[in-house]
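Asks: Structure file model-v3.pdb (PDB, C-alpha atoms and all ligand atoms) is given on the next line.
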```
ATOM      1  CA  MET A   1      40.125  33.621 -18.095  1.00  0.00           C
ATOM      2  CA  LYS A   2      40.117  30.113 -19.431  1.00  0.00           C
ATOM      3  CA  ASN A   3      38.642  28.843 -22.673  1.00  0.00           C
ATOM      4  CA  ILE A   4      35.047  27.593 -22.381  1.00  0.00           C
ATOM      5  CA  ILE A   5      34.474  24.329 -24.230  1.00  0.00           C
ATOM      6  CA  LEU A   6      31.016  23.060 -25.155  1.00  0.00           C
ATOM      7  CA  ILE A   7      30.559  19.306 -25.419  1.00  0.00           C
ATOM      8  CA  GLY A   8      27.489  17.129 -25.919  1.00  0.00           C
ATOM      9  CA  PHE A   9      25.629  14.939 -28.372  1.00  0.00           C
ATOM     10  CA  MET A  10      24.903  15.997 -31.967  1.00  0.00           C
ATOM     11  CA  GLY A  11      21.993  18.443 -31.996  1.00  0.00           C
ATOM     12  CA  CYS A  12      22.239  19.476 -28.336  1.00  0.00           C
ATOM     13  CA  GLY A  13      22.861  23.071 -29.456  1.00  0.00           C
ATOM     14  CA  LYS A  14      26.648  23.443 -29.046  1.00  0.00           C
ATOM     15  CA  THR A  15      27.089  25.612 -32.134  1.00  0.00           C
ATOM     16  CA  THR A  16      24.118  27.927 -31.538  1.00  0.00           C
ATOM     17  CA  VAL A  17      24.844  28.250 -27.821  1.00  0.00           C
ATOM     18  CA  GLY A  18      28.511  28.846 -28.635  1.00  0.00           C
ATOM     19  CA  ILE A  19      27.773  31.684 -31.074  1.00  0.00           C
ATOM     20  CA  ARG A  20      25.401  33.381 -28.625  1.00  0.00           C
ATOM     21  CA  LEU A  21      27.790  32.919 -25.724  1.00  0.00           C
ATOM     22  CA  SER A  22      30.607  34.418 -27.765  1.00  0.00           C
ATOM     23  CA  TYR A  23      28.505  37.570 -28.330  1.00  0.00           C
ATOM     24  CA  ARG A  24      27.447  37.754 -24.712  1.00  0.00           C
ATOM     25  CA  LEU A  25      30.916  37.305 -23.236  1.00  0.00           C
ATOM     26  CA  ARG A  26      32.692  39.099 -26.103  1.00  0.00           C
ATOM     27  CA  ARG A  27      34.993  36.197 -26.726  1.00  0.00           C
ATOM     28  CA  ALA A  28      35.931  34.677 -30.084  1.00  0.00           C
ATOM     29  CA  MET A  29      34.523  31.282 -31.033  1.00  0.00           C
ATOM     30  CA  GLU A  30      35.950  28.209 -32.771  1.00  0.00           C
ATOM     31  CA  ASP A  31      34.342  24.900 -33.688  1.00  0.00           C
ATOM     32  CA  THR A  32      36.424  21.749 -34.185  1.00  0.00           C
ATOM     33  CA  ASP A  33      34.257  20.423 -37.062  1.00  0.00           C
ATOM     34  CA  LYS A  34      34.608  23.737 -38.911  1.00  0.00           C
ATOM     35  CA  LEU A  35      38.372  23.882 -38.286  1.00  0.00           C
ATOM     36  CA  ILE A  36      38.756  20.324 -39.595  1.00  0.00           C
ATOM     37  CA  GLU A  37      36.642  21.028 -42.690  1.00  0.00           C
ATOM     38  CA  LYS A  38      38.700  24.143 -43.417  1.00  0.00           C
ATOM     39  CA  GLU A  39      42.027  22.385 -42.912  1.00  0.00           C
ATOM     40  CA  GLU A  40      40.966  19.388 -45.045  1.00  0.00           C
ATOM     41  CA  GLY A  41      39.099  21.406 -47.691  1.00  0.00           C
ATOM     42  CA  ARG A  42      36.152  18.967 -47.556  1.00  0.00           C
ATOM     43  CA  THR A  43      33.048  18.339 -45.461  1.00  0.00           C
ATOM     44  CA  ILE A  44      32.797  15.966 -42.496  1.00  0.00           C
ATOM     45  CA  SER A  45      30.525  13.723 -44.618  1.00  0.00           C
ATOM     46  CA  GLU A  46      33.201  13.507 -47.341  1.00  0.00           C
ATOM     47  CA  ILE A  47      35.896  12.695 -44.776  1.00  0.00           C
ATOM     48  CA  PHE A  48      33.764   9.876 -43.310  1.00  0.00           C
ATOM     49  CA  ARG A  49      32.909   8.579 -46.797  1.00  0.00           C
ATOM     50  CA  THR A  50      36.447   8.656 -48.167  1.00  0.00           C
ATOM     51  CA  ASP A  51      38.678   7.920 -45.175  1.00  0.00           C
ATOM     52  CA  GLY A  52      36.333   6.544 -42.525  1.00  0.00           C
ATOM     53  CA  GLU A  53      35.510   7.453 -38.937  1.00  0.00           C
ATOM     54  CA  ALA A  54      38.866   6.390 -37.401  1.00  0.00           C
ATOM     55  CA  PHE A  55      40.709   8.825 -39.676  1.00  0.00           C
ATOM     56  CA  PHE A  56      38.315  11.616 -38.675  1.00  0.00           C
ATOM     57  CA  ARG A  57      38.913  10.836 -34.984  1.00  0.00           C
ATOM     58  CA  GLY A  58      42.641  11.314 -35.554  1.00  0.00           C
ATOM     59  CA  LEU A  59      41.965  14.718 -37.097  1.00  0.00           C
ATOM     60  CA  GLU A  60      39.942  15.664 -34.003  1.00  0.00           C
ATOM     61  CA  THR A  61      42.879  14.849 -31.713  1.00  0.00           C
ATOM     62  CA  ASP A  62      45.259  16.875 -33.934  1.00  0.00           C
ATOM     63  CA  CYS A  63      42.812  19.773 -33.875  1.00  0.00           C
ATOM     64  CA  LEU A  64      42.629  19.725 -30.047  1.00  0.00           C
ATOM     65  CA  LYS A  65      46.413  19.728 -29.756  1.00  0.00           C
ATOM     66  CA  LYS A  66      46.594  22.725 -32.060  1.00  0.00           C
ATOM     67  CA  LEU A  67      43.943  24.580 -30.044  1.00  0.00           C
ATOM     68  CA  ILE A  68      45.857  23.953 -26.808  1.00  0.00           C
ATOM     69  CA  ARG A  69      48.797  25.787 -28.366  1.00  0.00           C
ATOM     70  CA  THR A  70      46.808  28.685 -29.796  1.00  0.00           C
ATOM     71  CA  ALA A  71      43.387  29.267 -28.180  1.00  0.00           C
ATOM     72  CA  ARG A  72      43.067  31.775 -25.328  1.00  0.00           C
ATOM     73  CA  ASN A  73      39.855  33.091 -23.715  1.00  0.00           C
ATOM     74  CA  MET A  74      37.756  31.520 -26.441  1.00  0.00           C
ATOM     75  CA  ILE A  75      34.449  29.685 -26.712  1.00  0.00           C
ATOM     76  CA  ILE A  76      35.126  26.327 -28.401  1.00  0.00           C
ATOM     77  CA  SER A  77      32.450  23.868 -29.511  1.00  0.00           C
ATOM     78  CA  VAL A  78      33.604  20.346 -30.315  1.00  0.00           C
ATOM     79  CA  GLY A  79      32.150  17.464 -32.345  1.00  0.00           C
ATOM     80  CA  GLY A  80      29.781  15.172 -30.434  1.00  0.00           C
ATOM     81  CA  GLY A  81      32.113  12.182 -30.606  1.00  0.00           C
ATOM     82  CA  LEU A  82      35.316  13.982 -29.684  1.00  0.00           C
ATOM     83  CA  PRO A  83      35.229  13.284 -25.906  1.00  0.00           C
ATOM     84  CA  VAL A  84      34.858   9.527 -26.527  1.00  0.00           C
ATOM     85  CA  ARG A  85      38.630   9.067 -26.968  1.00  0.00           C
ATOM     86  CA  GLU A  86      40.275   8.987 -23.555  1.00  0.00           C
ATOM     87  CA  GLU A  87      43.247  10.941 -24.871  1.00  0.00           C
ATOM     88  CA  ASN A  88      40.880  13.700 -25.987  1.00  0.00           C
ATOM     89  CA  ARG A  89      39.280  13.962 -22.549  1.00  0.00           C
ATOM     90  CA  ALA A  90      42.695  14.693 -21.024  1.00  0.00           C
ATOM     91  CA  LEU A  91      43.323  17.273 -23.776  1.00  0.00           C
ATOM     92  CA  LEU A  92      39.939  18.907 -23.123  1.00  0.00           C
ATOM     93  CA  LYS A  93      40.872  19.399 -19.464  1.00  0.00           C
ATOM     94  CA  GLN A  94      44.075  21.134 -20.554  1.00  0.00           C
ATOM     95  CA  LEU A  95      42.180  23.319 -23.000  1.00  0.00           C
ATOM     96  CA  GLY A  96      39.787  24.881 -20.466  1.00  0.00           C
ATOM     97  CA  THR A  97      36.483  24.669 -18.582  1.00  0.00           C
ATOM     98  CA  VAL A  98      34.330  21.928 -20.089  1.00  0.00           C
ATOM     99  CA  VAL A  99      30.556  22.487 -20.235  1.00  0.00           C
ATOM    100  CA  TYR A 100      28.317  19.531 -21.141  1.00  0.00           C
ATOM    101  CA  LEU A 101      25.008  20.475 -22.776  1.00  0.00           C
ATOM    102  CA  CYS A 102      22.865  17.556 -21.713  1.00  0.00           C
ATOM    103  CA  ALA A 103      19.872  16.721 -23.963  1.00  0.00           C
ATOM    104  CA  SER A 104      17.482  13.747 -24.054  1.00  0.00           C
ATOM    105  CA  ALA A 105      17.165  11.411 -27.064  1.00  0.00           C
ATOM    106  CA  GLU A 106      13.764  13.010 -27.824  1.00  0.00           C
ATOM    107  CA  THR A 107      15.172  16.553 -27.856  1.00  0.00           C
ATOM    108  CA  ILE A 108      18.058  15.417 -30.055  1.00  0.00           C
ATOM    109  CA  TYR A 109      15.784  13.584 -32.493  1.00  0.00           C
ATOM    110  CA  GLU A 110      13.542  16.642 -32.868  1.00  0.00           C
ATOM    111  CA  ARG A 111      16.556  18.871 -33.581  1.00  0.00           C
ATOM    112  CA  THR A 112      18.312  16.556 -36.030  1.00  0.00           C
ATOM    113  CA  LYS A 113      15.508  14.775 -37.899  1.00  0.00           C
ATOM    114  CA  HIS A 114      15.832  16.855 -41.087  1.00  0.00           C
ATOM    115  CA  ASP A 115      19.633  16.975 -41.031  1.00  0.00           C
ATOM    116  CA  THR A 116      21.716  15.226 -43.698  1.00  0.00           C
ATOM    117  CA  SER A 117      25.169  16.488 -42.689  1.00  0.00           C
ATOM    118  CA  ARG A 118      25.796  14.046 -39.837  1.00  0.00           C
ATOM    119  CA  PRO A 119      26.891  10.671 -41.232  1.00  0.00           C
ATOM    120  CA  LEU A 120      26.244   8.802 -37.976  1.00  0.00           C
ATOM    121  CA  LEU A 121      22.550   9.730 -37.974  1.00  0.00           C
ATOM    122  CA  GLN A 122      21.710   8.754 -41.557  1.00  0.00           C
ATOM    123  CA  GLY A 123      19.891   5.530 -42.473  1.00  0.00           C
ATOM    124  CA  ASP A 124      16.611   3.836 -41.531  1.00  0.00           C
ATOM    125  CA  ASP A 125      16.422   4.272 -37.797  1.00  0.00           C
ATOM    126  CA  PRO A 126      17.922   7.575 -36.656  1.00  0.00           C
ATOM    127  CA  LYS A 127      15.919   7.499 -33.409  1.00  0.00           C
ATOM    128  CA  GLY A 128      17.367   4.075 -32.509  1.00  0.00           C
ATOM    129  CA  LYS A 129      20.883   5.248 -33.409  1.00  0.00           C
ATOM    130  CA  ILE A 130      20.499   8.305 -31.205  1.00  0.00           C
ATOM    131  CA  ARG A 131      19.296   6.186 -28.267  1.00  0.00           C
ATOM    132  CA  THR A 132      22.135   3.645 -28.612  1.00  0.00           C
ATOM    133  CA  LEU A 133      24.927   6.179 -29.101  1.00  0.00           C
ATOM    134  CA  LEU A 134      23.629   8.472 -26.363  1.00  0.00           C
ATOM    135  CA  ALA A 135      23.449   5.569 -23.892  1.00  0.00           C
ATOM    136  CA  GLU A 136      27.086   4.746 -24.741  1.00  0.00           C
ATOM    137  CA  ARG A 137      28.224   8.331 -24.378  1.00  0.00           C
ATOM    138  CA  GLU A 138      26.286   9.904 -21.494  1.00  0.00           C
ATOM    139  CA  ALA A 139      28.665   8.758 -18.743  1.00  0.00           C
ATOM    140  CA  ILE A 140      31.632   9.783 -20.898  1.00  0.00           C
ATOM    141  CA  TYR A 141      30.305  13.314 -21.342  1.00  0.00           C
ATOM    142  CA  GLU A 142      29.672  13.572 -17.603  1.00  0.00           C
ATOM    143  CA  SER A 143      33.160  12.403 -16.740  1.00  0.00           C
ATOM    144  CA  ALA A 144      34.694  14.924 -19.159  1.00  0.00           C
ATOM    145  CA  ALA A 145      32.630  17.855 -17.833  1.00  0.00           C
ATOM    146  CA  ASP A 146      33.345  20.494 -15.205  1.00  0.00           C
ATOM    147  CA  ILE A 147      29.795  21.824 -15.551  1.00  0.00           C
ATOM    148  CA  VAL A 148      26.607  20.037 -16.690  1.00  0.00           C
ATOM    149  CA  ILE A 149      23.707  22.087 -18.098  1.00  0.00           C
ATOM    150  CA  ASP A 150      20.358  20.400 -18.785  1.00  0.00           C
ATOM    151  CA  VAL A 151      19.125  21.964 -22.042  1.00  0.00           C
ATOM    152  CA  ASN A 152      15.826  20.098 -22.379  1.00  0.00           C
ATOM    153  CA  GLN A 153      12.799  22.366 -22.774  1.00  0.00           C
ATOM    154  CA  LYS A 154      14.814  25.501 -22.181  1.00  0.00           C
ATOM    155  CA  GLY A 155      15.175  28.587 -24.371  1.00  0.00           C
ATOM    156  CA  PHE A 156      18.605  29.858 -25.374  1.00  0.00           C
ATOM    157  CA  ASP A 157      18.448  32.849 -23.001  1.00  0.00           C
ATOM    158  CA  GLU A 158      17.930  30.571 -20.025  1.00  0.00           C
ATOM    159  CA  ILE A 159      20.729  28.227 -21.152  1.00  0.00           C
ATOM    160  CA  LEU A 160      23.140  31.149 -21.629  1.00  0.00           C
ATOM    161  CA  GLU A 161      22.301  32.564 -18.221  1.00  0.00           C
ATOM    162  CA  GLU A 162      22.981  29.207 -16.548  1.00  0.00           C
ATOM    163  CA  ILE A 163      26.297  28.737 -18.358  1.00  0.00           C
ATOM    164  CA  ALA A 164      27.517  32.267 -17.619  1.00  0.00           C
ATOM    165  CA  GLU A 165      26.643  31.894 -13.909  1.00  0.00           C
ATOM    166  CA  ALA A 166      28.218  28.452 -13.584  1.00  0.00           C
ATOM    167  CA  VAL A 167      31.423  29.547 -15.352  1.00  0.00           C
ATOM    168  CA  ASP A 168      31.686  32.655 -13.141  1.00  0.00           C
ATOM    169  CA  ARG A 169      31.296  30.524 -10.036  1.00  0.00           C
ATOM    170  CA  LYS A 170      33.886  28.050 -11.304  1.00  0.00           C
ATOM    171  CA  GLU A 171      36.422  30.739 -12.222  1.00  0.00           C
ATOM    172  CA  MET A 172      36.097  32.351  -8.802  1.00  0.00           C
ATOM    173  CA  LEU A 173      37.043  29.117  -7.033  1.00  0.00           C
TER     174      LEU A 173
HETATM  175  C1  LIG A 201      29.842  13.389 -34.525  1.00  0.00           C
HETATM  176  C2  LIG A 201      29.342  14.666 -34.326  1.00  0.00           C
HETATM  177  C3  LIG A 201      29.425  15.726 -35.338  1.00  0.00           C
HETATM  178  C4  LIG A 201      30.645  15.503 -36.242  1.00  0.00           C
HETATM  179  C5  LIG A 201      30.617  14.119 -36.820  1.00  0.00           C
HETATM  180  C6  LIG A 201      30.585  13.020 -35.747  1.00  0.00           C
HETATM  181  C7  LIG A 201      29.659  12.374 -33.450  1.00  0.00           C
HETATM  182  O1  LIG A 201      29.522  17.008 -34.718  1.00  0.00           O
HETATM  183  O2  LIG A 201      31.837  15.705 -35.526  1.00  0.00           O
HETATM  184  O3  LIG A 201      29.481  14.028 -37.646  1.00  0.00           O
HETATM  185  O4  LIG A 201      30.333  11.327 -33.463  1.00  0.00           O
HETATM  186  O5  LIG A 201      28.818  12.621 -32.534  1.00  0.00           O
HETATM  187  P1  LIG A 201      28.252  17.748 -34.015  1.00  0.00           P
HETATM  188  O6  LIG A 201      28.128  17.206 -32.625  1.00  0.00           O
HETATM  189  O7  LIG A 201      28.657  19.187 -34.006  1.00  0.00           O
HETATM  190  O8  LIG A 201      27.067  17.480 -34.839  1.00  0.00           O
END
```
Represent the supplied structure as structure tokens.
Ligand code: S3P
Replies:
Amino acid sequence: MKNIILIGFMGCGKTTVGIRLSYRLRRAMEDTDKLIEKEEGRTISEIFRTDGEAFFRGLETDCLKKLIRTARNMIISVGGGLPVREENRALLKQLGTVVYLCASAETIYERTKHDTSRPLLQGDDPKGKIRTLLAEREAIYESAADIVIDVNQKGFDEILEEIAEAVDRKEML
């Protein structure tokens, strides 16, 4: 059994889906943002504020390399920007089966509009930022993914069912 990695834009549900999937499949779960915060002893917002985004992106690559050495049969959710680095996409492939949770800008806005923990979505025009960043990233997510799951207007049970089926099919190939 390979690791299952959840990728997708901020607010697409990676963390919640990951936790539920880990219960359903009885596999442990890790999250790259949480691992980075633990290792650094500060929040993602503090890292962005103090050292900037490029520094954070380096920490994401380090975190992936560490997971490749240690993670087995796990569910792993990763930060929304992690697949943007080409190097990280190659590392994701090594780490396991990559599942892209695909959400529209509207779904993402609704799920993130009250959130203050994501530095890239703060400021005057979060909706515009979501649209711009999502347009830049959609093709990247698709190219990094082994499986694409449309999560718009679906409940978690339906999403979990689709992921479990698609992963089973993939692992039987
Ligand atoms: C980011 C997504 C965040 C976090 C950081 C940057 C991004 O993770 O890594 O704020 O560039 O999309 P989530 O996707 O878990 O919110």
Asks: Env of Tyr141 (chain A): 8 Å cut, atoms = all atoms listed in the file, seq-sep filter 3 positions within chain, self excluded. Answer as a list of chain:residue names.
Replies: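 Those residues are A:Ile7, A:Gly8, A:Pro83, A:Val84, A:Tyr100, A:Arg137, A:Glu138, A:Ala144, A:Ala145.
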Asks: Edge lengths and centre in Å to one decimal, as AutoDock Vina command-line options, is what I'm after for the box along x, y and z that holds all listed atoms of region 139-153 of chain A once 8 Å is added on each side.
Replies:
```
--center_x 23.7 --center_y 15.6 --center_z -19.0 --size_x 37.9 --size_y 29.6 --size_z 23.6
```
Asks: Work out how far CA of Glu171 (chain A) is from CA of Leu25 (chain A), in Å to one decimal.
Replies: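 CA of Leu25 (chain A) sits 14.0 Å away from CA of Glu171 (chain A).
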Asks: Pick out the residues sitting within 8 Å of Ile159 (chain A), and hand them over as a list of chain:residue names; count all atoms listed in the file, and ignore anything fewer than 5 positions along from it in its own chain.
Replies: A:Val17, A:Ile149, A:Val151, A:Lys154
Asks: Just want the residues within 9 Å of ligand LIG 201 (chain A), written as a VMD selection string, counting all atoms listed in the file.
Replies: chain A and resid 7 to 15 31 to 34 44 to 45 48 53 56 to 57 60 77 to 82 84 112 117 to 121 133
Asks: Could you tell me which residues the PyMOL selection byres (((chain A and resi 99) around 7) and not hetatm) grabs in this file, written as a PyMOL selection string?
Replies: chain A and resi 5-7+97-98+100-101+145-148
Asks: Kindly give the distance, in Å, that separates CA of Gly41 (chain A) and CA of Gly96 (chain A), rounded to a single decimal.
Replies: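 Those two atoms sit 27.5 Å apart.
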Asks: From the list A:Leu21, A:Val167, A:Ile36, A:Leu64, which residue is nearest Arg85 (chain A) when using all atoms listed in the file?
Replies: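 Among the listed residues, A:Leu64 lies closest to Arg85 (chain A).
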Asks: Could you work out how far CA of Asn3 (chain A) lies from CA of Thr70 (chain A), giving the answer in Å with one decimal?
Replies: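 One can read the CA of Thr70 (chain A) to CA of Asn3 (chain A) distance as 10.8 Å.
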Asks: In terms of the shortest atom-to-atom distance over all atoms listed in the file, which of A:Glu161, A:Glu106, A:Glu87, A:Glu30 is closest to Gly18 (chain A)?
Replies: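 When distances to Gly18 (chain A) are compared using all atoms listed in the file, the smallest one comes from A:Glu30.
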Asks: Could you state which residues are captured by the PyMOL selection byres (((chain A and resi 74) around 8) and not hetatm) in this file, as a PyMOL selection string?
Replies: chain A and resi 2-4+22+27-30+71-73+75-76
Asks: Produce a file of the selected residues containing C-alpha atoms, as a PDB file, keeping the file's coordinate frame.
Replies:
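Output (selection01.pdb):
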```pdb
ATOM      1  CA  LYS A   2      40.117  30.113 -19.431  1.00  0.00           C
ATOM      2  CA  ASN A   3      38.642  28.843 -22.673  1.00  0.00           C
ATOM      3  CA  ILE A   4      35.047  27.593 -22.381  1.00  0.00           C
ATOM      4  CA  SER A  22      30.607  34.418 -27.765  1.00  0.00           C
ATOM      5  CA  ARG A  27      34.993  36.197 -26.726  1.00  0.00           C
ATOM      6  CA  ALA A  28      35.931  34.677 -30.084  1.00  0.00           C
ATOM      7  CA  MET A  29      34.523  31.282 -31.033  1.00  0.00           C
ATOM      8  CA  GLU A  30      35.950  28.209 -32.771  1.00  0.00           C
ATOM      9  CA  ALA A  71      43.387  29.267 -28.180  1.00  0.00           C
ATOM     10  CA  ARG A  72      43.067  31.775 -25.328  1.00  0.00           C
ATOM     11  CA  ASN A  73      39.855  33.091 -23.715  1.00  0.00           C
ATOM     12  CA  ILE A  75      34.449  29.685 -26.712  1.00  0.00           C
ATOM     13  CA  ILE A  76      35.126  26.327 -28.401  1.00  0.00           C
TER      14      ILE A  76
END
```
Asks: Taking 4 positions as the minimum chain separation for residues in the same chain, which residues sit within 9 Å of Ser104 (chain A) when counting all atoms listed in the file? Answer as a list in words.
Replies: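 Here the qualifying residues turn out to be Cys12, Ile108, Tyr109, Arg131, Leu134, Asp150, Val151 and Asn152 of chain A.
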Asks: Writing all heavy atoms and nothing else, produce region 139-149 of chain A as a short mmCIF file (atom, residue, chain, number, x, y, z; two decimals), in the first residue's frame.
Replies:
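Resulting contents of selection_5.cif:
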```
data_model
loop_
_atom_site.label_atom_id
_atom_site.label_comp_id
_atom_site.auth_asym_id
_atom_site.auth_seq_id
_atom_site.Cartn_x
_atom_site.Cartn_y
_atom_site.Cartn_z
N ALA A 139 -3.76 23.85 -13.80
CA ALA A 139 -3.07 22.90 -14.70
C ALA A 139 -1.93 22.20 -13.96
O ALA A 139 -1.62 21.03 -14.22
CB ALA A 139 -2.54 23.64 -15.92
N ILE A 140 -1.33 22.92 -13.02
CA ILE A 140 -0.23 22.33 -12.23
C ILE A 140 -0.75 21.19 -11.35
O ILE A 140 -0.18 20.11 -11.30
CB ILE A 140 0.43 23.43 -11.35
CG1 ILE A 140 1.17 24.42 -12.25
CG2 ILE A 140 1.33 22.83 -10.29
CD1 ILE A 140 1.73 25.62 -11.53
N TYR A 141 -1.88 21.46 -10.67
CA TYR A 141 -2.47 20.41 -9.84
C TYR A 141 -2.80 19.18 -10.69
O TYR A 141 -2.54 18.05 -10.30
CB TYR A 141 -3.75 20.90 -9.15
CG TYR A 141 -3.56 21.97 -8.08
CD1 TYR A 141 -4.44 23.05 -7.98
CD2 TYR A 141 -2.52 21.88 -7.16
CE1 TYR A 141 -4.30 24.02 -7.00
CE2 TYR A 141 -2.37 22.85 -6.18
CZ TYR A 141 -3.26 23.92 -6.09
OH TYR A 141 -3.12 24.87 -5.12
N GLU A 142 -3.40 19.45 -11.86
CA GLU A 142 -3.79 18.31 -12.72
C GLU A 142 -2.58 17.50 -13.16
O GLU A 142 -2.61 16.27 -13.18
CB GLU A 142 -4.58 18.80 -13.93
CG GLU A 142 -6.05 18.92 -13.57
CD GLU A 142 -6.87 19.59 -14.63
OE1 GLU A 142 -6.49 19.50 -15.80
OE2 GLU A 142 -7.89 20.20 -14.26
N SER A 143 -1.50 18.22 -13.48
CA SER A 143 -0.32 17.48 -13.96
C SER A 143 0.36 16.70 -12.83
O SER A 143 1.04 15.71 -13.08
CB SER A 143 0.68 18.44 -14.63
OG SER A 143 1.38 19.15 -13.65
N ALA A 144 0.15 17.15 -11.58
CA ALA A 144 0.77 16.44 -10.45
C ALA A 144 -0.06 15.24 -10.00
O ALA A 144 0.43 14.38 -9.28
CB ALA A 144 0.95 17.40 -9.27
N ALA A 145 -1.33 15.19 -10.45
CA ALA A 145 -2.28 14.22 -9.87
C ALA A 145 -2.34 12.89 -10.60
O ALA A 145 -2.25 12.83 -11.82
CB ALA A 145 -3.68 14.84 -9.85
N ASP A 146 -2.52 11.81 -9.82
CA ASP A 146 -2.87 10.51 -10.39
C ASP A 146 -4.39 10.38 -10.48
O ASP A 146 -4.91 9.67 -11.33
CB ASP A 146 -2.35 9.37 -9.49
CG ASP A 146 -0.83 9.39 -9.37
OD1 ASP A 146 -0.17 9.28 -10.41
OD2 ASP A 146 -0.31 9.53 -8.24
N ILE A 147 -5.08 11.04 -9.57
CA ILE A 147 -6.54 10.95 -9.47
C ILE A 147 -7.09 12.35 -9.24
O ILE A 147 -6.54 13.09 -8.42
CB ILE A 147 -6.94 10.05 -8.27
CG1 ILE A 147 -6.50 8.59 -8.52
CG2 ILE A 147 -8.43 10.13 -7.98
CD1 ILE A 147 -6.52 7.72 -7.26
N VAL A 148 -8.15 12.73 -9.98
CA VAL A 148 -8.78 14.03 -9.75
C VAL A 148 -10.20 13.80 -9.23
O VAL A 148 -10.97 13.05 -9.83
CB VAL A 148 -8.85 14.86 -11.07
CG1 VAL A 148 -9.52 16.21 -10.82
CG2 VAL A 148 -7.45 15.05 -11.65
N ILE A 149 -10.53 14.43 -8.11
CA ILE A 149 -11.88 14.31 -7.53
C ILE A 149 -12.51 15.70 -7.47
O ILE A 149 -11.97 16.61 -6.84
CB ILE A 149 -11.82 13.75 -6.07
CG1 ILE A 149 -11.07 12.41 -6.00
CG2 ILE A 149 -13.21 13.66 -5.45
CD1 ILE A 149 -11.81 11.21 -6.50
#
```
